[in-house]
>>> print(open('start09.txt').read())   # compact mmCIF, C-alpha atoms
# COMPACT_ATOMS: atom_id res chain seq x y z
CA LEU A 11 -10.00 26.85 -27.91
CA ARG A 12 -7.78 25.46 -25.23
CA VAL A 13 -8.31 21.93 -24.07
CA SER A 14 -6.64 21.33 -20.72
CA LYS A 15 -5.98 18.18 -18.77
CA TYR A 16 -8.28 15.53 -20.15
CA VAL A 17 -6.75 12.41 -18.68
CA HIS A 18 -7.82 8.83 -19.17
CA LYS A 19 -8.46 6.70 -16.07
CA PHE A 20 -5.73 4.27 -15.25
CA LEU A 21 -5.17 0.95 -13.62
CA PHE A 22 -2.75 0.29 -10.79
CA VAL A 23 -1.33 -3.11 -10.12
CA HIS A 24 0.63 -4.46 -7.19
CA VAL A 25 2.25 -7.85 -6.75
CA HIS A 26 4.00 -9.68 -3.84
CA VAL A 27 6.60 -12.40 -4.18
CA CYS A 28 7.56 -15.11 -1.72
CA PRO A 29 11.13 -16.52 -1.71
CA ALA A 30 9.99 -20.14 -1.60
CA ARG A 31 6.84 -22.24 -1.65
CA PRO A 32 5.40 -22.38 1.88
CA ASN A 33 5.53 -25.37 4.15
CA PRO A 34 2.73 -27.82 3.18
CA THR A 35 1.27 -27.44 6.65
CA LYS A 36 0.83 -23.70 6.17
CA MET A 37 -1.74 -21.97 4.02
CA ARG A 38 -0.50 -19.88 1.12
CA PRO A 39 -1.29 -16.16 1.36
CA ALA A 40 -3.47 -16.42 -1.73
CA ASN A 41 -5.54 -19.11 0.00
CA ILE A 42 -5.65 -17.11 3.23
CA LEU A 43 -7.03 -14.19 1.24
CA ARG A 44 -9.68 -16.39 -0.35
CA VAL A 45 -10.78 -17.73 3.02
CA SER A 46 -10.70 -14.30 4.68
CA LEU A 47 -12.83 -12.73 1.98
CA ALA A 48 -15.19 -15.68 1.88
CA LEU A 49 -15.94 -15.24 5.58
CA LEU A 50 -16.93 -11.62 4.94
CA LEU A 51 -19.23 -12.32 2.00
CA PRO A 52 -22.68 -13.93 1.67
CA ALA A 53 -22.64 -17.66 1.04
CA SER A 54 -24.39 -17.05 -2.26
CA HIS A 55 -21.48 -15.03 -3.64
CA ALA A 56 -19.73 -16.85 -6.45
CA PHE A 57 -16.06 -16.34 -7.18
CA THR A 58 -15.30 -16.47 -10.88
CA VAL A 59 -12.19 -16.29 -12.98
CA GLN A 60 -12.46 -13.71 -15.73
CA ASN A 61 -11.39 -14.78 -19.21
CA SER A 62 -9.50 -12.31 -21.37
CA PRO A 63 -11.16 -11.18 -24.62
CA GLN A 64 -9.44 -11.01 -27.99
CA PRO A 65 -6.47 -8.59 -28.10
CA HIS A 66 -7.37 -4.91 -28.53
CA ARG A 67 -5.82 -2.84 -31.30
CA PHE A 68 -5.19 0.80 -31.99
CA PRO A 69 -8.05 2.48 -33.88
CA THR A 70 -5.57 4.29 -36.13
CA PRO A 71 -2.15 3.43 -37.61
CA VAL A 72 0.76 3.90 -35.22
CA LEU A 73 4.50 3.72 -35.19
CA SER A 74 5.58 0.25 -36.28
CA SER A 75 7.21 -1.93 -33.64
CA SER A 76 9.80 -3.17 -36.12
CA ASP A 77 13.36 -2.03 -35.56
CA LEU A 78 12.43 -0.56 -32.18
CA PRO A 79 14.86 -0.98 -29.27
CA PRO A 80 14.07 -3.60 -26.63
CA ASP A 81 12.01 -2.48 -23.66
CA ASP A 82 14.47 -2.34 -20.77
CA GLY A 83 12.85 0.57 -18.93
CA THR A 84 15.77 2.92 -19.53
CA SER A 85 14.71 3.68 -23.11
CA THR A 86 11.01 2.88 -23.00
CA ARG A 87 9.69 2.67 -26.53
CA PHE A 88 6.21 3.84 -27.35
CA PRO A 89 3.70 0.96 -26.92
CA THR A 90 2.23 0.08 -30.31
CA SER A 91 -0.94 -1.68 -29.09
CA VAL A 92 -2.88 -2.46 -25.95
CA ASP A 93 -1.19 -5.86 -25.87
CA ASP A 94 2.21 -4.16 -26.10
CA GLN A 95 1.21 -1.90 -23.21
CA VAL A 96 0.36 -5.00 -21.13
CA ARG A 97 3.68 -6.65 -21.97
CA GLN A 98 5.62 -3.53 -21.02
CA ALA A 99 3.74 -3.27 -17.72
CA ALA A 100 4.50 -6.90 -16.82
CA SER A 101 8.18 -6.43 -17.74
CA ALA A 102 8.45 -3.26 -15.64
CA ILE A 103 6.88 -5.01 -12.62
CA SER A 104 9.29 -7.93 -13.00
CA ARG A 105 12.30 -5.60 -13.09
CA ALA A 106 11.06 -3.67 -10.08
CA LYS A 107 10.42 -6.84 -8.10
CA ALA A 108 13.95 -8.03 -8.86
CA ASP A 109 15.14 -4.80 -7.21
CA GLY A 110 12.97 -5.35 -4.15
CA VAL A 111 10.03 -3.11 -5.15
CA THR A 112 6.74 -4.94 -4.51
CA ARG A 113 4.19 -2.14 -4.25
CA HIS A 114 3.23 -0.78 -7.64
CA GLU A 115 0.95 1.89 -9.01
CA ILE A 116 0.02 0.94 -12.56
CA ARG A 117 -1.70 3.32 -14.96
CA LEU A 118 -2.91 1.98 -18.29
CA LEU A 119 -4.87 3.55 -21.11
CA LEU A 120 -8.12 1.60 -21.35
CA PRO A 121 -9.83 0.53 -24.58
CA LEU A 122 -13.25 2.14 -24.86
CA ILE A 123 -16.18 -0.22 -24.44
CA GLY A 124 -19.81 0.82 -24.72
CA ALA A 125 -18.94 4.42 -25.60
CA THR A 126 -21.67 6.74 -26.89
CA GLU A 127 -21.54 9.97 -28.89
CA LEU A 128 -21.97 11.94 -25.67
CA ASP A 129 -19.94 9.93 -23.17
CA ASP A 130 -16.91 7.65 -23.52
CA TRP A 131 -17.78 5.95 -20.22
CA PRO A 132 -21.56 6.08 -19.68
CA GLY A 133 -21.21 3.26 -17.15
CA GLY A 134 -18.66 5.18 -15.06
CA ALA A 135 -16.13 3.37 -12.92
CA ARG A 136 -17.85 0.00 -13.31
CA GLN A 137 -17.44 0.20 -17.07
CA MET A 138 -13.77 1.18 -16.68
CA ILE A 139 -13.23 -1.79 -14.37
CA ALA A 140 -14.74 -4.05 -17.02
CA ALA A 141 -12.27 -2.62 -19.55
CA ALA A 142 -9.34 -2.94 -17.14
CA ARG A 143 -10.09 -6.49 -15.99
CA PRO A 144 -8.79 -8.39 -19.06
CA LEU A 145 -5.68 -6.21 -19.29
CA ILE A 146 -4.69 -6.74 -15.67
CA SER A 147 -5.60 -10.42 -15.88
CA ASP A 148 -3.05 -10.72 -18.69
CA VAL A 149 -0.47 -8.80 -16.64
CA LEU A 150 -0.93 -11.11 -13.64
CA ARG A 151 -0.83 -14.24 -15.79
CA GLY A 152 2.34 -12.95 -17.41
CA LEU A 153 3.93 -12.57 -13.99
CA GLY A 154 2.62 -15.91 -12.71
CA GLY A 155 3.54 -18.19 -15.59
CA GLY A 156 1.54 -20.34 -17.98
CA GLY A 157 -0.27 -22.32 -15.28
CA ALA A 158 -1.44 -19.30 -13.27
CA THR A 159 -5.10 -19.10 -12.25
CA LEU A 160 -7.14 -16.07 -11.20
CA ASP A 161 -9.85 -15.48 -8.63
CA GLU A 162 -11.87 -12.30 -8.26
CA PHE A 163 -13.20 -10.83 -5.01
CA PRO A 164 -15.22 -7.69 -4.27
CA VAL A 165 -13.46 -4.88 -2.42
CA ASP A 166 -16.28 -2.33 -2.49
CA GLU A 167 -19.49 -3.76 -3.93
CA SER A 168 -21.23 -0.38 -3.92
CA ASP A 169 -18.72 0.94 -6.50
CA GLY A 170 -17.96 -2.39 -8.17
CA ILE A 171 -14.30 -2.28 -7.10
CA VAL A 172 -12.67 -5.71 -7.20
CA ALA A 173 -9.40 -7.45 -6.40
CA LEU A 174 -7.82 -10.03 -8.69
CA VAL A 175 -5.71 -12.67 -6.94
CA CYS A 176 -3.31 -14.73 -9.05
CA ARG A 177 -2.16 -18.18 -7.93
CA ALA A 178 1.06 -18.73 -9.86
CA GLU A 179 2.96 -21.86 -10.77
CA LYS A 180 5.35 -20.94 -7.98
CA ALA A 181 4.04 -19.61 -4.67
CA ALA A 182 6.74 -16.93 -4.80
CA ASP A 183 5.05 -15.48 -7.88
CA ASP A 184 1.55 -15.19 -6.43
CA SER A 185 0.23 -11.66 -6.85
CA ALA A 186 -2.81 -9.44 -6.43
CA ALA A 187 -4.28 -6.30 -7.98
CA VAL A 188 -7.01 -3.85 -6.99
CA LEU A 189 -8.86 -2.26 -9.91
CA LEU A 190 -9.71 1.45 -9.73
CA PRO A 191 -9.49 1.79 -5.94
CA THR A 192 -10.94 4.89 -4.28
CA ALA A 193 -9.75 6.76 -1.18
CA GLU A 194 -12.40 4.83 0.77
CA CYS A 195 -10.65 1.56 -0.16
CA VAL A 196 -7.37 2.32 1.63
CA LYS A 197 -8.30 0.27 4.69
CA ALA A 198 -9.20 -2.70 2.50
CA VAL A 199 -5.97 -2.31 0.52
CA ARG A 200 -3.99 -2.36 3.76
CA GLY A 201 -5.72 -5.60 4.73
CA LEU A 202 -5.05 -7.12 1.33
CA SER A 203 -1.41 -6.07 1.59
CA ASP A 204 -1.09 -7.88 4.91
CA GLN A 205 -2.66 -11.01 3.44
CA VAL A 206 -0.48 -11.00 0.33
CA GLY A 207 2.72 -10.24 2.24
CA MET A 208 5.50 -7.78 1.52
CA GLU A 209 7.46 -10.36 -0.49
CA ARG A 210 4.80 -10.50 -3.18
CA ASN A 211 3.66 -7.89 -5.68
CA LEU A 212 0.52 -5.87 -5.03
CA LEU A 213 -0.79 -3.60 -7.80
CA LEU A 214 -3.10 -0.61 -7.55
CA VAL A 215 -4.57 -0.15 -11.00
CA ASN A 216 -5.81 3.25 -12.19
CA PRO A 217 -6.74 4.61 -8.76
CA GLN A 218 -9.68 7.01 -8.82
CA TYR A 219 -8.25 9.42 -6.24
CA ARG A 220 -6.44 12.37 -7.77
CA ARG A 221 -6.00 14.92 -4.99
CA ARG A 222 -5.69 15.26 -1.25
CA ALA A 223 -9.30 16.47 -1.13
CA ASP A 224 -10.46 13.01 -2.27
CA PHE A 225 -9.41 11.67 1.13
CA PRO A 226 -11.25 12.24 4.44
CA LEU A 227 -10.50 15.43 6.32
CA PHE A 228 -9.61 13.45 9.44
CA GLY A 229 -7.15 10.62 8.94
CA GLY A 230 -6.82 11.31 5.25
CA ALA A 231 -3.16 12.33 5.51
CA ALA A 232 -2.26 8.79 6.56
CA GLY A 233 -4.11 7.43 3.53
CA VAL A 234 -2.29 9.79 1.19
CA GLU A 235 1.04 8.75 2.69
CA TYR A 236 0.16 5.07 2.40
CA VAL A 237 -0.85 5.09 -1.28
CA GLY A 238 2.15 7.30 -1.97
CA GLY A 239 4.27 4.27 -1.10
CA PHE A 240 3.11 2.55 -4.28
CA ALA A 241 5.71 3.42 -6.89
CA PRO A 242 4.71 4.30 -10.49
CA THR A 243 6.27 1.13 -11.88
CA PHE A 244 4.43 1.51 -15.18
CA SER A 245 2.37 4.47 -16.34
CA CYS A 246 0.88 5.38 -19.70
CA THR A 247 -1.39 8.41 -19.60
CA SER A 248 -2.95 10.72 -22.16
CA LEU A 249 -3.81 14.43 -22.11
CA MET A 250 -4.08 17.54 -24.24
CA VAL A 251 -1.50 20.33 -23.91
CA GLU A 252 -1.28 23.43 -26.12
CA GLY A 253 -3.51 21.77 -28.71
CA GLU A 254 -1.21 18.75 -28.86
CA GLN A 255 -2.20 15.18 -28.08
CA VAL A 256 0.30 14.02 -25.45
CA ARG A 257 1.17 10.73 -23.83
CA VAL A 258 3.38 10.44 -20.78
CA ILE A 259 5.05 7.06 -20.29
CA ARG A 260 7.17 5.63 -17.53
CA ALA A 261 8.45 2.07 -17.14
CA TYR A 262 10.71 1.06 -14.26
CA PRO A 263 13.55 1.92 -13.88
CA GLY A 264 13.42 4.62 -16.55
CA PRO A 265 12.41 8.29 -16.42
CA TRP A 266 9.11 9.95 -17.31
CA ARG A 267 9.02 10.41 -21.10
CA VAL A 268 6.74 12.77 -22.99
CA PHE A 269 5.51 12.08 -26.54
CA ILE A 270 3.31 14.12 -28.88
CA LEU A 271 1.27 12.91 -31.84
CA VAL A 272 2.41 14.11 -35.27
CA GLN A 273 1.23 13.46 -38.81
CA VAL A 274 3.72 11.73 -41.10
CA SER A 275 3.95 11.54 -44.88
CA GLU A 276 1.11 9.81 -46.65
CA GLU A 277 1.67 6.36 -48.11
CA LYS A 278 -0.75 4.71 -50.55
CA GLY A 279 -3.22 7.47 -49.93
CA GLU A 280 -3.48 6.85 -46.20
CA LYS A 281 -2.46 9.29 -43.50
CA GLY A 282 -0.03 7.98 -40.94
CA ILE A 283 0.80 9.12 -37.44
CA ASP A 284 3.86 8.91 -35.28
CA TRP A 285 4.67 9.65 -31.65
CA VAL A 286 7.70 11.89 -31.18
CA GLU A 287 9.49 12.30 -27.86
CA VAL A 288 9.78 15.95 -26.82
CA GLY A 289 11.31 15.58 -23.38
CA SER A 290 11.89 13.51 -20.27
CA LYS A 291 12.16 13.95 -16.52
CA GLU A 292 13.82 11.84 -13.87
CA VAL A 293 11.70 10.06 -11.29
CA THR A 294 12.05 11.55 -7.82
CA ALA A 295 12.00 9.78 -4.47
CA PRO A 296 8.64 9.83 -2.64
CA VAL A 297 10.19 11.65 0.32
CA SER A 298 11.39 14.50 -1.89
CA GLU A 299 9.54 17.81 -1.82
CA LYS A 300 9.58 17.67 -5.63
CA SER A 301 7.50 14.49 -5.46
CA VAL A 302 4.43 16.26 -4.07
CA ASP A 303 2.25 17.85 -6.75
CA GLN A 304 -0.11 20.81 -6.53
CA MET A 305 -2.94 18.46 -5.57
CA GLY A 306 -1.08 17.33 -2.48
CA MET A 307 -0.39 13.82 -3.81
CA VAL A 308 2.93 12.01 -4.20
CA SER A 309 3.77 12.29 -7.92
CA TYR A 310 7.31 10.87 -8.07
CA GLY A 311 8.26 13.85 -10.22
CA LYS A 312 5.75 13.21 -13.01
CA PRO A 313 5.85 16.16 -15.43
CA SER A 314 3.20 18.77 -14.70
CA TYR A 315 0.96 20.36 -17.32
CA GLN A 316 3.18 23.47 -17.32
CA GLY A 317 6.31 21.33 -17.56
CA ILE A 318 4.94 19.48 -20.59
CA GLU A 319 3.90 22.77 -22.19
CA ASP A 320 7.46 24.05 -21.78
CA MET A 321 8.83 20.87 -23.42
CA ILE A 322 6.52 21.35 -26.41
CA THR A 323 7.00 25.08 -26.95
CA SER A 324 10.78 24.83 -26.61
CA GLN A 325 11.06 22.49 -29.60
CA GLU A 326 12.96 23.93 -32.55
CA GLY A 327 10.57 25.22 -35.18
CA TYR A 328 7.54 25.03 -32.89
CA VAL A 329 4.46 26.76 -34.34
CA PRO A 330 1.35 27.08 -32.13
CA LYS A 331 -1.83 25.54 -33.50
CA ASN A 332 -4.62 27.90 -34.46
CA VAL A 333 -8.15 27.70 -33.09
CA VAL A 334 -9.46 25.39 -35.82
CA GLU A 335 -6.48 23.03 -35.53
CA ARG A 336 -6.87 22.82 -31.77
CA ALA A 337 -10.57 22.08 -32.05
CA THR A 338 -9.89 19.30 -34.59
CA VAL A 339 -7.23 17.71 -32.41
CA ALA A 340 -9.50 17.97 -29.36
CA VAL A 341 -12.30 16.08 -31.09
CA THR A 342 -9.90 13.37 -32.23
CA PHE A 343 -8.38 13.14 -28.76
CA ILE A 344 -11.73 12.66 -27.05
CA LYS A 345 -12.69 9.90 -29.50
CA ASP A 346 -9.35 8.09 -29.57
CA THR A 347 -7.97 5.58 -27.12
CA LEU A 348 -5.54 2.69 -27.26
>>> encode(input="start09.txt", output="structure tokens")
Amino acid sequence: LRVSKYVHKFLFVHVHVCPARPNPTKMRPANILRVSLALLLPASHAFTVQNSPQPHRFPTPVLSSSDLPPDDGTSTRFPTSVDDQVRQAASAISRAKADGVTRHEIRLLLPLIGATELDDWPGGARQMIAAARPLISDVLRGLGGGGATLDEFPVDESDGIVALVCRAEKAADDSAAVLLPTAECVKAVRGLSDQVGMERNLLLVNPQYRRRADFPLFGGAAGVEYVGGFAPTFSCTSLMVEGEQVRVIRAYPGPWRVFILVQVSEEKGEKGIDWVEVGSKEVTAPVSEKSVDQMGMVSYGKPSYQGIEDMITSQEGYVPKNVVERATVAVTFIKDTL
């Protein structure tokens, strides 16, 4: 049994920063966005701020965060909880913004909500957006400071796609994020980008497009090029390769790093797990030929399935899993999430 690329959906976040609070006589971009969207929506539409639920936790024991190196992007440690994943994402965005990068693609592993025995996401994209909302809200609040407030606006009501706009303590730290945008949302994202301004962060969270074919035949190339300008500032994805449960992590300004799940010695009768790094790959520039994957999308050099397989099989002492072992890991993989 070979389980190929089973990849969790991800969130992408983008934030814009302004050098100074605007002149009192001018409207802040966040307010302009509110007014612009309000004019396009029915008067009955209510804008609400989403409250974050209690922190999510791993369903199984993981590598302890004690004695781990600090997260500086260059030696990204494995996130030990959903909260840790959120903190790392906010830190990566802050570092990128300090270097002048304000357009970010953010991919997060989402905690399962409402899963059934047959389907992890019976509610589809809307359910994933509900799972992503509190995580990205925490990211935006982390970027905006303790007094930051959030507003939510629809981007595509037919698919439930929304934008979160954060009004920070300082106008320079205002930011916005679009949750699970589709190829059909590119025009709306462009408009949001204009409203937010290039000096503030804008996040695309777990975009639903995966390949060039997801974009229109006519004019789609421009859309692919546009979304390719959003750098993978933070990415944590999961897949199965060669019967191994794999996670690929990248936090600005570090490389892509590949980890596999391994069983560790039992303590007090309980099985433990650990995530071991098996390889890494440098991030490539978006204009590089190596940055375009087989699907025709800008990948920034993210390791391919074959590349990850080579990292795994080249490990000293590697022994391929048998059919039963692969089936067991596959079942666990499908059930597990952060």
>>> atom_distance(input="start09.txt", atom1="CA of Arg200 in chain A", atom2="CA of Gly233 in chain A")
9.8 Å
>>> closest_residue(input="start09.txt", among="A:Val188, A:Ala108, A:Met250, A:Ala182", to="Ser203 in chain A", atoms="all atoms listed in the file")
A:Val188
>>> atom_distance(input="start09.txt", atom1="CA of Val149 in chain A", atom2="CA of Ala99 in chain A")
7.0 Å
>>> closest_residue(input="start09.txt", among="A:Ser91, A:Gln273, A:Thr338, A:Gln325", to="Glu287 in chain A", atoms="only C-alpha atoms")
A:Gln325
>>> closest_residue(input="start09.txt", among="A:Ile146, A:Ile318, A:Ala141, A:Ala261", to="Ser248 in chain A", atoms="all atoms listed in the file")
A:Ile318
>>> residues_around(input="start09.txt", residues="Lys300 in chain A", least_positions_apart="4", cutoff="9 Å", atoms="all atoms listed in the file", output="PyMOL selection string")
chain A and resi 294-296+308-311
>>> atom_distance(input="start09.txt", atom1="CA of Arg336 in chain A", atom2="CA of Asp320 in chain A")
17.5 Å
>>> residues_around(input="start09.txt", residues="Ala241 in chain A", least_positions_apart="6", cutoff="12 Å", atoms="only C-alpha atoms", output="short mmCIF file (atom, residue, chain, number, x, y, z; two decimals) with C-alpha atoms, in the coordinates of the input")
data_model
loop_
_atom_site.label_atom_id
_atom_site.label_comp_id
_atom_site.auth_asym_id
_atom_site.auth_seq_id
_atom_site.Cartn_x
_atom_site.Cartn_y
_atom_site.Cartn_z
CA PHE A 22 -2.75 0.29 -10.79
CA VAL A 23 -1.33 -3.11 -10.12
CA HIS A 24 0.63 -4.46 -7.19
CA VAL A 25 2.25 -7.85 -6.75
CA ALA A 102 8.45 -3.26 -15.64
CA ILE A 103 6.88 -5.01 -12.62
CA ALA A 106 11.06 -3.67 -10.08
CA LYS A 107 10.42 -6.84 -8.10
CA GLY A 110 12.97 -5.35 -4.15
CA VAL A 111 10.03 -3.11 -5.15
CA THR A 112 6.74 -4.94 -4.51
CA ARG A 113 4.19 -2.14 -4.25
CA HIS A 114 3.23 -0.78 -7.64
CA GLU A 115 0.95 1.89 -9.01
CA ILE A 116 0.02 0.94 -12.56
CA ARG A 117 -1.70 3.32 -14.96
CA ASN A 211 3.66 -7.89 -5.68
CA LEU A 212 0.52 -5.87 -5.03
CA LEU A 213 -0.79 -3.60 -7.80
CA LEU A 214 -3.10 -0.61 -7.55
CA VAL A 215 -4.57 -0.15 -11.00
CA GLU A 235 1.04 8.75 2.69
CA ARG A 260 7.17 5.63 -17.53
CA ALA A 261 8.45 2.07 -17.14
CA TYR A 262 10.71 1.06 -14.26
CA PRO A 263 13.55 1.92 -13.88
CA VAL A 293 11.70 10.06 -11.29
CA THR A 294 12.05 11.55 -7.82
CA ALA A 295 12.00 9.78 -4.47
CA PRO A 296 8.64 9.83 -2.64
CA VAL A 297 10.19 11.65 0.32
CA SER A 301 7.50 14.49 -5.46
CA VAL A 308 2.93 12.01 -4.20
CA SER A 309 3.77 12.29 -7.92
CA TYR A 310 7.31 10.87 -8.07
CA GLY A 311 8.26 13.85 -10.22
CA LYS A 312 5.75 13.21 -13.01
#
